[in-house]
file data-v4.txt (compact mmCIF, N, CA and C atoms)
# COMPACT_ATOMS: atom_id res chain seq x y z
N MET A 13 -52.55 13.49 15.67
CA MET A 13 -51.17 13.79 15.91
C MET A 13 -50.93 15.24 15.49
N THR A 14 -50.25 15.94 16.33
CA THR A 14 -49.97 17.34 16.03
C THR A 14 -48.73 17.43 15.15
N ARG A 15 -48.58 18.58 14.57
CA ARG A 15 -47.43 18.81 13.68
C ARG A 15 -46.11 18.67 14.44
N THR A 16 -46.06 19.17 15.65
CA THR A 16 -44.85 19.11 16.46
C THR A 16 -44.46 17.66 16.76
N SER A 17 -45.42 16.84 17.15
CA SER A 17 -45.10 15.45 17.47
C SER A 17 -44.67 14.70 16.21
N GLY A 18 -45.22 15.05 15.04
CA GLY A 18 -44.80 14.43 13.77
C GLY A 18 -43.35 14.77 13.46
N ILE A 19 -42.97 16.03 13.69
CA ILE A 19 -41.59 16.45 13.45
C ILE A 19 -40.64 15.72 14.40
N ILE A 20 -41.04 15.56 15.66
CA ILE A 20 -40.21 14.86 16.64
C ILE A 20 -40.02 13.40 16.23
N ILE A 21 -41.09 12.75 15.77
CA ILE A 21 -41.00 11.35 15.35
C ILE A 21 -40.07 11.21 14.13
N VAL A 22 -40.23 12.08 13.14
CA VAL A 22 -39.37 12.03 11.95
C VAL A 22 -37.92 12.33 12.33
N GLY A 23 -37.71 13.31 13.18
CA GLY A 23 -36.36 13.66 13.62
C GLY A 23 -35.70 12.51 14.36
N THR A 24 -36.45 11.84 15.22
CA THR A 24 -35.93 10.69 15.96
C THR A 24 -35.57 9.56 15.01
N ALA A 25 -36.43 9.31 14.02
CA ALA A 25 -36.17 8.25 13.04
C ALA A 25 -34.90 8.57 12.24
N LEU A 26 -34.74 9.81 11.81
CA LEU A 26 -33.55 10.21 11.06
C LEU A 26 -32.29 10.06 11.92
N LEU A 27 -32.38 10.43 13.18
CA LEU A 27 -31.25 10.29 14.09
C LEU A 27 -30.87 8.82 14.26
N ALA A 28 -31.86 7.96 14.38
CA ALA A 28 -31.61 6.52 14.52
C ALA A 28 -30.93 5.97 13.26
N ILE A 29 -31.37 6.40 12.10
CA ILE A 29 -30.77 5.96 10.84
C ILE A 29 -29.33 6.45 10.75
N MET A 30 -29.07 7.69 11.13
CA MET A 30 -27.71 8.23 11.09
C MET A 30 -26.79 7.44 12.03
N ILE A 31 -27.26 7.11 13.21
CA ILE A 31 -26.46 6.34 14.15
C ILE A 31 -26.17 4.96 13.59
N LEU A 32 -27.16 4.32 12.98
CA LEU A 32 -26.98 3.00 12.37
C LEU A 32 -25.93 3.05 11.26
N VAL A 33 -25.99 4.07 10.41
CA VAL A 33 -25.01 4.22 9.32
C VAL A 33 -23.60 4.40 9.89
N ILE A 34 -23.45 5.21 10.91
CA ILE A 34 -22.14 5.45 11.52
C ILE A 34 -21.60 4.16 12.13
N VAL A 35 -22.43 3.42 12.84
CA VAL A 35 -22.00 2.16 13.46
C VAL A 35 -21.60 1.15 12.39
N MET A 36 -22.41 1.00 11.35
CA MET A 36 -22.11 0.04 10.28
C MET A 36 -20.83 0.44 9.55
N ASN A 37 -20.63 1.71 9.29
CA ASN A 37 -19.42 2.18 8.61
C ASN A 37 -18.19 1.88 9.47
N GLY A 38 -18.30 2.08 10.76
CA GLY A 38 -17.21 1.77 11.67
C GLY A 38 -16.86 0.29 11.66
N LYS A 39 -17.86 -0.57 11.58
CA LYS A 39 -17.61 -2.02 11.53
C LYS A 39 -16.92 -2.40 10.23
N VAL A 40 -17.30 -1.80 9.12
CA VAL A 40 -16.66 -2.08 7.84
C VAL A 40 -15.20 -1.65 7.89
N LEU A 41 -14.93 -0.47 8.41
CA LEU A 41 -13.54 0.01 8.52
C LEU A 41 -12.74 -0.87 9.47
N GLU A 42 -13.36 -1.34 10.55
CA GLU A 42 -12.68 -2.22 11.49
C GLU A 42 -12.35 -3.55 10.82
N GLU A 43 -13.26 -4.08 10.00
CA GLU A 43 -13.00 -5.33 9.29
C GLU A 43 -11.83 -5.17 8.32
N ILE A 44 -11.77 -4.04 7.62
CA ILE A 44 -10.66 -3.78 6.70
C ILE A 44 -9.36 -3.73 7.49
N ASP A 45 -9.34 -3.02 8.63
CA ASP A 45 -8.14 -2.95 9.46
C ASP A 45 -7.72 -4.33 9.92
N ASN A 46 -8.70 -5.18 10.32
CA ASN A 46 -8.38 -6.53 10.78
C ASN A 46 -7.76 -7.36 9.66
N LYS A 47 -8.25 -7.23 8.44
CA LYS A 47 -7.69 -7.96 7.30
C LYS A 47 -6.27 -7.48 7.02
N CYS A 48 -6.04 -6.18 7.16
CA CYS A 48 -4.72 -5.62 6.88
C CYS A 48 -3.70 -5.97 7.95
N GLU A 49 -4.15 -6.33 9.15
CA GLU A 49 -3.22 -6.68 10.22
C GLU A 49 -2.32 -7.85 9.83
N THR A 50 -2.81 -8.74 8.97
CA THR A 50 -2.02 -9.91 8.57
C THR A 50 -1.25 -9.68 7.28
N ALA A 51 -1.28 -8.47 6.75
CA ALA A 51 -0.52 -8.13 5.54
C ALA A 51 0.72 -7.36 5.96
N GLU A 52 1.89 -7.98 5.84
CA GLU A 52 3.14 -7.33 6.25
C GLU A 52 4.20 -7.50 5.18
N ILE A 53 5.05 -6.49 5.06
CA ILE A 53 6.20 -6.56 4.16
C ILE A 53 7.43 -6.06 4.91
N MET A 54 8.57 -6.65 4.58
CA MET A 54 9.83 -6.27 5.22
C MET A 54 10.93 -6.25 4.17
N PRO A 55 11.99 -5.46 4.40
CA PRO A 55 13.14 -5.48 3.47
C PRO A 55 13.85 -6.83 3.57
N THR A 56 14.49 -7.27 2.46
CA THR A 56 15.12 -8.59 2.45
C THR A 56 16.62 -8.56 2.37
N GLU A 57 17.22 -7.53 1.88
CA GLU A 57 18.65 -7.54 1.64
C GLU A 57 19.33 -6.39 2.35
N GLU A 58 20.66 -6.44 2.34
CA GLU A 58 21.46 -5.37 2.93
C GLU A 58 21.15 -4.03 2.24
N GLU A 59 20.86 -4.10 0.97
CA GLU A 59 20.56 -2.92 0.17
C GLU A 59 19.13 -3.06 -0.39
N PRO A 60 18.11 -2.79 0.45
CA PRO A 60 16.73 -3.07 0.02
C PRO A 60 16.20 -2.15 -1.07
N ALA A 61 16.70 -0.92 -1.17
CA ALA A 61 16.25 0.01 -2.21
C ALA A 61 17.43 0.85 -2.67
N CYS A 62 17.67 0.84 -3.98
CA CYS A 62 18.76 1.64 -4.51
C CYS A 62 18.48 1.97 -5.97
N TYR A 63 19.28 2.88 -6.51
CA TYR A 63 19.13 3.23 -7.92
C TYR A 63 20.47 3.10 -8.62
N SER A 64 20.40 2.79 -9.89
CA SER A 64 21.57 2.73 -10.75
C SER A 64 21.11 3.24 -12.11
N ASN A 65 21.85 4.21 -12.64
CA ASN A 65 21.46 4.88 -13.88
C ASN A 65 20.04 5.41 -13.71
N ASN A 66 19.09 4.95 -14.50
CA ASN A 66 17.72 5.46 -14.44
C ASN A 66 16.75 4.39 -13.94
N THR A 67 17.26 3.47 -13.12
CA THR A 67 16.43 2.37 -12.64
C THR A 67 16.48 2.30 -11.13
N LEU A 68 15.31 2.10 -10.53
CA LEU A 68 15.17 1.92 -9.10
C LEU A 68 14.93 0.44 -8.83
N TYR A 69 15.67 -0.12 -7.87
CA TYR A 69 15.53 -1.52 -7.48
C TYR A 69 15.03 -1.57 -6.04
N PHE A 70 14.11 -2.48 -5.75
CA PHE A 70 13.77 -2.71 -4.36
C PHE A 70 13.49 -4.19 -4.13
N ASN A 71 13.84 -4.65 -2.93
CA ASN A 71 13.76 -6.05 -2.55
C ASN A 71 13.07 -6.16 -1.21
N ILE A 72 11.91 -6.77 -1.21
CA ILE A 72 11.14 -6.93 0.02
C ILE A 72 10.62 -8.37 0.08
N ARG A 73 9.97 -8.71 1.16
CA ARG A 73 9.39 -10.04 1.33
C ARG A 73 8.00 -9.87 1.95
N ASN A 74 7.07 -10.70 1.49
CA ASN A 74 5.75 -10.75 2.10
C ASN A 74 5.89 -11.58 3.37
N THR A 75 5.99 -10.92 4.51
CA THR A 75 6.17 -11.61 5.78
C THR A 75 4.85 -11.81 6.51
N GLY A 76 3.76 -11.44 5.88
CA GLY A 76 2.45 -11.59 6.49
C GLY A 76 1.86 -12.97 6.29
N LEU A 77 0.63 -13.13 6.71
CA LEU A 77 -0.08 -14.40 6.61
C LEU A 77 -1.04 -14.44 5.43
N LYS A 78 -1.06 -13.39 4.64
CA LYS A 78 -2.07 -13.22 3.60
C LYS A 78 -1.40 -13.00 2.25
N ASP A 79 -2.03 -13.54 1.19
CA ASP A 79 -1.58 -13.23 -0.16
C ASP A 79 -1.77 -11.74 -0.41
N LEU A 80 -0.80 -11.14 -1.08
CA LEU A 80 -0.93 -9.74 -1.48
C LEU A 80 -1.36 -9.72 -2.94
N SER A 81 -2.20 -8.77 -3.31
CA SER A 81 -2.64 -8.66 -4.70
C SER A 81 -1.93 -7.52 -5.42
N GLY A 82 -1.01 -6.86 -4.72
CA GLY A 82 -0.26 -5.78 -5.35
C GLY A 82 0.47 -4.95 -4.31
N LEU A 83 1.11 -3.91 -4.82
CA LEU A 83 1.86 -2.98 -3.97
C LEU A 83 1.55 -1.56 -4.40
N LYS A 84 1.38 -0.68 -3.45
CA LYS A 84 1.21 0.75 -3.71
C LYS A 84 2.55 1.40 -3.38
N ILE A 85 3.14 2.04 -4.38
CA ILE A 85 4.46 2.63 -4.26
C ILE A 85 4.34 4.15 -4.27
N TYR A 86 5.02 4.80 -3.34
CA TYR A 86 5.07 6.26 -3.30
C TYR A 86 6.54 6.66 -3.26
N LEU A 87 6.98 7.40 -4.26
CA LEU A 87 8.36 7.86 -4.33
C LEU A 87 8.43 9.33 -3.96
N GLU A 88 9.23 9.63 -2.96
CA GLU A 88 9.40 11.02 -2.55
C GLU A 88 10.60 11.61 -3.28
N SER A 89 10.36 12.70 -3.96
CA SER A 89 11.41 13.43 -4.67
C SER A 89 10.91 14.85 -4.86
N GLU A 90 11.54 15.58 -5.76
CA GLU A 90 11.07 16.93 -6.04
C GLU A 90 9.67 16.92 -6.65
N TYR A 91 9.30 15.82 -7.28
CA TYR A 91 8.03 15.76 -8.00
C TYR A 91 7.12 14.62 -7.53
N ASN A 92 7.36 13.97 -6.43
CA ASN A 92 6.56 12.90 -5.84
C ASN A 92 5.74 12.11 -6.87
N LEU A 93 5.79 10.80 -6.74
CA LEU A 93 5.18 9.90 -7.72
C LEU A 93 4.52 8.74 -6.99
N SER A 94 3.35 8.34 -7.45
CA SER A 94 2.63 7.20 -6.88
C SER A 94 2.37 6.18 -7.98
N ILE A 95 2.67 4.91 -7.70
CA ILE A 95 2.53 3.84 -8.67
C ILE A 95 1.85 2.65 -7.99
N THR A 96 0.99 1.95 -8.71
CA THR A 96 0.41 0.70 -8.23
C THR A 96 0.96 -0.43 -9.07
N ILE A 97 1.50 -1.45 -8.41
CA ILE A 97 2.01 -2.63 -9.09
C ILE A 97 1.09 -3.80 -8.77
N LYS A 98 0.50 -4.40 -9.78
CA LYS A 98 -0.40 -5.54 -9.59
C LYS A 98 0.42 -6.83 -9.62
N GLY A 99 -0.02 -7.83 -8.89
CA GLY A 99 0.64 -9.12 -8.87
C GLY A 99 0.18 -9.93 -7.67
N ARG A 100 0.45 -11.21 -7.70
CA ARG A 100 0.12 -12.09 -6.57
C ARG A 100 1.40 -12.45 -5.85
N TYR A 101 1.45 -12.17 -4.57
CA TYR A 101 2.63 -12.45 -3.76
C TYR A 101 2.21 -13.28 -2.56
N LYS A 102 2.65 -14.52 -2.54
CA LYS A 102 2.31 -15.46 -1.47
C LYS A 102 3.08 -15.12 -0.19
N PRO A 103 2.56 -15.52 0.97
CA PRO A 103 3.31 -15.32 2.22
C PRO A 103 4.68 -15.97 2.13
N GLY A 104 5.70 -15.26 2.58
CA GLY A 104 7.08 -15.75 2.54
C GLY A 104 7.80 -15.47 1.24
N ALA A 105 7.07 -15.05 0.23
CA ALA A 105 7.67 -14.86 -1.10
C ALA A 105 8.52 -13.59 -1.15
N PRO A 106 9.72 -13.70 -1.77
CA PRO A 106 10.51 -12.49 -2.00
C PRO A 106 9.89 -11.70 -3.16
N ILE A 107 10.01 -10.41 -3.08
CA ILE A 107 9.49 -9.54 -4.13
C ILE A 107 10.64 -8.66 -4.58
N ARG A 108 11.14 -8.91 -5.78
CA ARG A 108 12.25 -8.12 -6.34
C ARG A 108 11.68 -7.36 -7.53
N LYS A 109 11.81 -6.06 -7.49
CA LYS A 109 11.26 -5.22 -8.56
C LYS A 109 12.31 -4.23 -9.03
N LYS A 110 12.20 -3.90 -10.30
CA LYS A 110 13.00 -2.80 -10.83
C LYS A 110 12.05 -1.92 -11.63
N LEU A 111 12.16 -0.64 -11.38
CA LEU A 111 11.32 0.35 -12.05
C LEU A 111 12.24 1.25 -12.86
N SER A 112 12.06 1.27 -14.16
CA SER A 112 12.88 2.10 -15.04
C SER A 112 12.18 3.42 -15.31
N PHE A 113 12.94 4.50 -15.30
CA PHE A 113 12.38 5.84 -15.46
C PHE A 113 12.93 6.57 -16.67
N GLY A 114 13.31 5.85 -17.71
CA GLY A 114 13.78 6.48 -18.94
C GLY A 114 14.96 7.39 -18.69
N LYS A 115 14.82 8.66 -19.01
CA LYS A 115 15.92 9.61 -18.86
C LYS A 115 15.84 10.42 -17.56
N GLN A 116 14.92 10.05 -16.69
CA GLN A 116 14.74 10.77 -15.44
C GLN A 116 15.97 10.62 -14.53
N ASP A 117 16.43 11.71 -13.96
CA ASP A 117 17.56 11.68 -13.03
C ASP A 117 17.10 11.11 -11.69
N MET A 118 17.69 10.01 -11.28
CA MET A 118 17.28 9.33 -10.05
C MET A 118 17.89 9.97 -8.79
N LYS A 119 18.84 10.88 -8.94
CA LYS A 119 19.48 11.49 -7.78
C LYS A 119 18.49 12.24 -6.90
N GLU A 120 17.39 12.66 -7.48
CA GLU A 120 16.39 13.41 -6.73
C GLU A 120 15.49 12.53 -5.87
N MET A 121 15.52 11.21 -6.08
CA MET A 121 14.70 10.30 -5.29
C MET A 121 15.24 10.22 -3.86
N LYS A 122 14.36 10.35 -2.88
CA LYS A 122 14.80 10.36 -1.49
C LYS A 122 14.36 9.09 -0.76
N THR A 123 13.07 8.81 -0.80
CA THR A 123 12.56 7.62 -0.11
C THR A 123 11.51 6.93 -0.98
N ILE A 124 11.33 5.65 -0.69
CA ILE A 124 10.25 4.88 -1.30
C ILE A 124 9.40 4.34 -0.15
N THR A 125 8.10 4.55 -0.24
CA THR A 125 7.17 4.00 0.74
C THR A 125 6.34 2.95 0.01
N ILE A 126 6.29 1.75 0.57
CA ILE A 126 5.59 0.63 -0.05
C ILE A 126 4.49 0.17 0.89
N ARG A 127 3.28 0.05 0.36
CA ARG A 127 2.14 -0.45 1.14
C ARG A 127 1.57 -1.67 0.44
N PRO A 128 1.26 -2.72 1.21
CA PRO A 128 0.66 -3.90 0.59
C PRO A 128 -0.79 -3.64 0.18
N ILE A 129 -1.21 -4.33 -0.86
CA ILE A 129 -2.61 -4.30 -1.31
C ILE A 129 -3.15 -5.72 -1.16
N ILE A 130 -4.32 -5.84 -0.55
CA ILE A 130 -4.97 -7.14 -0.40
C ILE A 130 -6.28 -7.14 -1.15
N ASP A 131 -6.74 -8.34 -1.46
CA ASP A 131 -8.03 -8.51 -2.12
C ASP A 131 -9.05 -8.91 -1.06
N GLN A 132 -10.12 -8.15 -0.97
CA GLN A 132 -11.18 -8.47 -0.01
C GLN A 132 -12.49 -8.55 -0.78
N GLU A 133 -12.91 -9.78 -1.04
CA GLU A 133 -14.16 -10.04 -1.75
C GLU A 133 -14.20 -9.31 -3.08
N GLY A 134 -13.10 -9.38 -3.84
CA GLY A 134 -13.04 -8.77 -5.16
C GLY A 134 -12.70 -7.30 -5.18
N LYS A 135 -12.52 -6.70 -4.01
CA LYS A 135 -12.18 -5.28 -3.93
C LYS A 135 -10.76 -5.14 -3.40
N GLU A 136 -9.94 -4.34 -4.08
CA GLU A 136 -8.56 -4.15 -3.66
C GLU A 136 -8.49 -3.09 -2.56
N ILE A 137 -7.82 -3.46 -1.46
CA ILE A 137 -7.69 -2.58 -0.30
C ILE A 137 -6.21 -2.26 -0.10
N VAL A 138 -5.86 -0.98 -0.09
CA VAL A 138 -4.48 -0.56 0.23
C VAL A 138 -4.38 -0.49 1.75
N CYS A 139 -3.46 -1.25 2.31
CA CYS A 139 -3.27 -1.28 3.76
C CYS A 139 -2.38 -0.10 4.17
N LYS A 140 -3.02 1.00 4.48
CA LYS A 140 -2.30 2.25 4.73
C LYS A 140 -1.44 2.21 5.99
N GLU A 141 -1.86 1.44 6.99
CA GLU A 141 -1.11 1.38 8.25
C GLU A 141 0.10 0.46 8.13
N GLN A 142 0.09 -0.46 7.19
CA GLN A 142 1.18 -1.43 7.03
C GLN A 142 2.16 -0.94 5.97
N LYS A 143 2.92 0.05 6.28
CA LYS A 143 3.82 0.62 5.28
C LYS A 143 5.28 0.34 5.62
N LEU A 144 6.08 0.31 4.58
CA LEU A 144 7.51 0.14 4.70
C LEU A 144 8.16 1.33 4.00
N MET A 145 8.96 2.10 4.73
CA MET A 145 9.63 3.26 4.14
C MET A 145 11.12 2.99 4.09
N LEU A 146 11.70 3.14 2.89
CA LEU A 146 13.11 2.87 2.69
C LEU A 146 13.80 4.08 2.08
N LYS A 147 15.01 4.35 2.54
CA LYS A 147 15.82 5.42 1.96
C LYS A 147 16.41 4.92 0.65
N ILE A 148 16.43 5.78 -0.37
CA ILE A 148 16.97 5.40 -1.67
C ILE A 148 18.36 6.01 -1.83
N GLU A 149 19.34 5.14 -2.09
CA GLU A 149 20.72 5.58 -2.33
C GLU A 149 21.23 4.95 -3.60
N ARG A 150 22.36 5.44 -4.09
CA ARG A 150 22.98 4.84 -5.27
C ARG A 150 23.37 3.41 -4.93
N CYS A 151 23.15 2.47 -5.87
CA CYS A 151 23.50 1.07 -5.66
C CYS A 151 25.01 0.92 -5.48
N LYS A 152 25.40 0.06 -4.56
CA LYS A 152 26.83 -0.16 -4.29
C LYS A 152 27.50 -0.93 -5.41
N GLU A 153 26.73 -1.78 -6.08
CA GLU A 153 27.27 -2.56 -7.20
C GLU A 153 26.45 -2.28 -8.44
N GLN A 154 27.03 -2.57 -9.59
CA GLN A 154 26.33 -2.36 -10.86
C GLN A 154 25.26 -3.44 -10.99
N HIS A 155 24.06 -3.05 -11.34
CA HIS A 155 22.95 -3.99 -11.51
C HIS A 155 22.60 -4.10 -12.97
N ASP A 156 22.28 -5.31 -13.38
CA ASP A 156 21.75 -5.51 -14.73
C ASP A 156 20.76 -6.66 -14.67
N SER A 157 20.21 -7.03 -15.80
CA SER A 157 19.16 -8.04 -15.82
C SER A 157 19.68 -9.43 -15.47
N THR A 158 21.00 -9.66 -15.50
CA THR A 158 21.53 -11.00 -15.20
C THR A 158 21.69 -11.23 -13.70
N ASN A 159 22.01 -10.18 -12.94
CA ASN A 159 22.21 -10.43 -11.51
C ASN A 159 21.10 -9.85 -10.64
N ARG A 160 20.16 -9.17 -11.19
CA ARG A 160 19.09 -8.55 -10.41
C ARG A 160 17.77 -8.68 -11.17
N PRO A 161 17.22 -9.89 -11.24
CA PRO A 161 16.00 -10.05 -12.04
C PRO A 161 14.79 -9.36 -11.39
N ALA A 162 13.92 -8.87 -12.24
CA ALA A 162 12.65 -8.34 -11.75
C ALA A 162 11.68 -9.49 -11.67
N VAL A 163 10.97 -9.59 -10.58
CA VAL A 163 9.99 -10.67 -10.41
C VAL A 163 8.62 -10.08 -10.39
call {"tool": "encode", "arguments": {"input": "data-v4.txt", "output": "structure tokens"}}
result
Amino acid sequence: MTRTSGIIIVGTALLAIMILVIVMNGKVLEEIDNKCETAEIMPTEEEPACYSNNTLYFNIRNTGLKDLSGLKIYLESEYNLSITIKGRYKPGAPIRKKLSFGKQDMKEMKTITIRPIIDQEGKEIVCKEQKLMLKIERCKEQHDSTNRPAV
């Protein structure tokens, strides 16, 4: 075997391996997308996201067919913030949350984007395509722990 034919054989083998890796990676990403297709969240109330004093409230429902293992929260403001909330949320279950920010001024909050998180074989997957974006405004009524429980 000549040196040139050896290089061609090695190059062909490397190309075949690269194609196999790309195809397998695409199938894994497709499987994740398919699992996320059944993970859905929707707003539940007339006022799905609002703030009062230094607390943000949001009310959504797991309208998908899959248990959620958490929520990925992104708050748009002057300083943008990302939070992960762990928990088990069954299909059909309402999700009421309140996030307290100490002395932080909530007037700067503009929107909240919520993405469901699912468990896939022990690995948490954030469903990036299944997002819910809500505008944040001052709450119309006063909220406290008696009329707006956090779940």
call {"tool": "closest_residue", "arguments": {"input": "data-v4.txt", "among": "A:Thr123, A:Asn92, A:Ser81, A:Asn74", "to": "Ile107 (chain A)", "atoms": "all atoms listed in the file"}}
result
A:Asn74
call {"tool": "atom_distance", "arguments": {"input": "data-v4.txt", "atom1": "atom N of Lys109 (chain A)", "atom2": "atom N of Leu87 (chain A)"}}
result
14.7 Å
call {"tool": "residues_near_point", "arguments": {"input": "data-v4.txt", "point": "(8.4, -6.1, -7.6)", "cutoff": "8 Å", "atoms": "only N, CA and C atoms", "output": "number ranges by chain"}}
result
A: 70-72, 97, 106-111, 162-163
call {"tool": "select_by_dssp", "arguments": {"input": "data-v4.txt", "residues": "region 32-131 of chain A", "states": "strand (DSSP E or B)", "output": "VMD selection string"}}
result
chain A and resid 53 to 55 61 to 64 67 to 74 80 to 88 93 to 101 106 to 112 123 to 131
call {"tool": "residues_around", "arguments": {"input": "data-v4.txt", "residues": "Ser94 (chain A)", "least_positions_apart": "4", "cutoff": "10 Å", "atoms": "only C-alpha atoms", "output": "ChimeraX atom specification"}}
result
/A:84-88,124-126
call {"tool": "axis_aligned_box", "arguments": {"input": "data-v4.txt", "around": "region 89-105 of chain A", "padding_each_side": "6 Å", "output": "AutoDock Vina command-line options"}}
result
--center_x 5.6 --center_y 0.5 --center_z -3.6 --size_x 23.9 --size_y 44.9 --size_z 24.4
call {"tool": "closest_residue", "arguments": {"input": "data-v4.txt", "among": "A:Thr50, A:Thr96, A:Thr14, A:Gln132", "to": "Leu77 (chain A)", "atoms": "only N, CA and C atoms"}}
result
A:Thr50
call {"tool": "closest_residue", "arguments": {"input": "data-v4.txt", "among": "A:Thr75, A:Tyr91, A:Cys62, A:Ile130", "to": "Gly104 (chain A)", "atoms": "only N, CA and C atoms"}}
result
A:Thr75
call {"tool": "residues_near_point", "arguments": {"input": "data-v4.txt", "point": "(6.2, -2.9, 4.4)", "cutoff": "7 Å", "atoms": "only C-alpha atoms", "output": "ChimeraX atom specification"}}
result
/A:52-54,126-128,142-144
call {"tool": "write_last_selection", "arguments": {"input": "data-v4.txt", "atoms": "N, CA and C atoms", "output": "PDB file, in the coordinates of the input"}}
result
ATOM      1  N   GLU A  52       1.890  -7.980   5.840  1.00  0.00           N
ATOM      2  CA  GLU A  52       3.140  -7.330   6.250  1.00  0.00           C
ATOM      3  C   GLU A  52       4.200  -7.500   5.180  1.00  0.00           C
ATOM      4  N   ILE A  53       5.050  -6.490   5.060  1.00  0.00           N
ATOM      5  CA  ILE A  53       6.200  -6.560   4.160  1.00  0.00           C
ATOM      6  C   ILE A  53       7.430  -6.060   4.910  1.00  0.00           C
ATOM      7  N   MET A  54       8.570  -6.650   4.580  1.00  0.00           N
ATOM      8  CA  MET A  54       9.830  -6.270   5.220  1.00  0.00           C
ATOM      9  C   MET A  54      10.930  -6.250   4.170  1.00  0.00           C
ATOM     10  N   ILE A 126       6.290   1.750   0.570  1.00  0.00           N
ATOM     11  CA  ILE A 126       5.590   0.630  -0.050  1.00  0.00           C
ATOM     12  C   ILE A 126       4.490   0.170   0.890  1.00  0.00           C
ATOM     13  N   ARG A 127       3.280   0.050   0.360  1.00  0.00           N
ATOM     14  CA  ARG A 127       2.140  -0.450   1.140  1.00  0.00           C
ATOM     15  C   ARG A 127       1.570  -1.670   0.440  1.00  0.00           C
ATOM     16  N   PRO A 128       1.260  -2.720   1.210  1.00  0.00           N
ATOM     17  CA  PRO A 128       0.660  -3.900   0.590  1.00  0.00           C
ATOM     18  C   PRO A 128      -0.790  -3.640   0.180  1.00  0.00           C
ATOM     19  N   GLN A 142       0.090  -0.460   7.190  1.00  0.00           N
ATOM     20  CA  GLN A 142       1.180  -1.430   7.030  1.00  0.00           C
ATOM     21  C   GLN A 142       2.160  -0.940   5.970  1.00  0.00           C
ATOM     22  N   LYS A 143       2.920   0.050   6.280  1.00  0.00           N
ATOM     23  CA  LYS A 143       3.820   0.620   5.280  1.00  0.00           C
ATOM     24  C   LYS A 143       5.280   0.340   5.620  1.00  0.00           C
ATOM     25  N   LEU A 144       6.080   0.310   4.580  1.00  0.00           N
ATOM     26  CA  LEU A 144       7.510   0.140   4.700  1.00  0.00           C
ATOM     27  C   LEU A 144       8.160   1.330   4.000  1.00  0.00           C
TER      28      LEU A 144
END
call {"tool": "atom_distance", "arguments": {"input": "data-v4.txt", "atom1": "atom N of Glu58 (chain A)", "atom2": "CA of Lys147 (chain A)"}}
result
12.8 Å
call {"tool": "closest_residue", "arguments": {"input": "data-v4.txt", "among": "A:Lys102, A:Glu136, A:Glu153, A:Thr67", "to": "Lys115 (chain A)", "atoms": "only C-alpha atoms"}}
result
A:Thr67
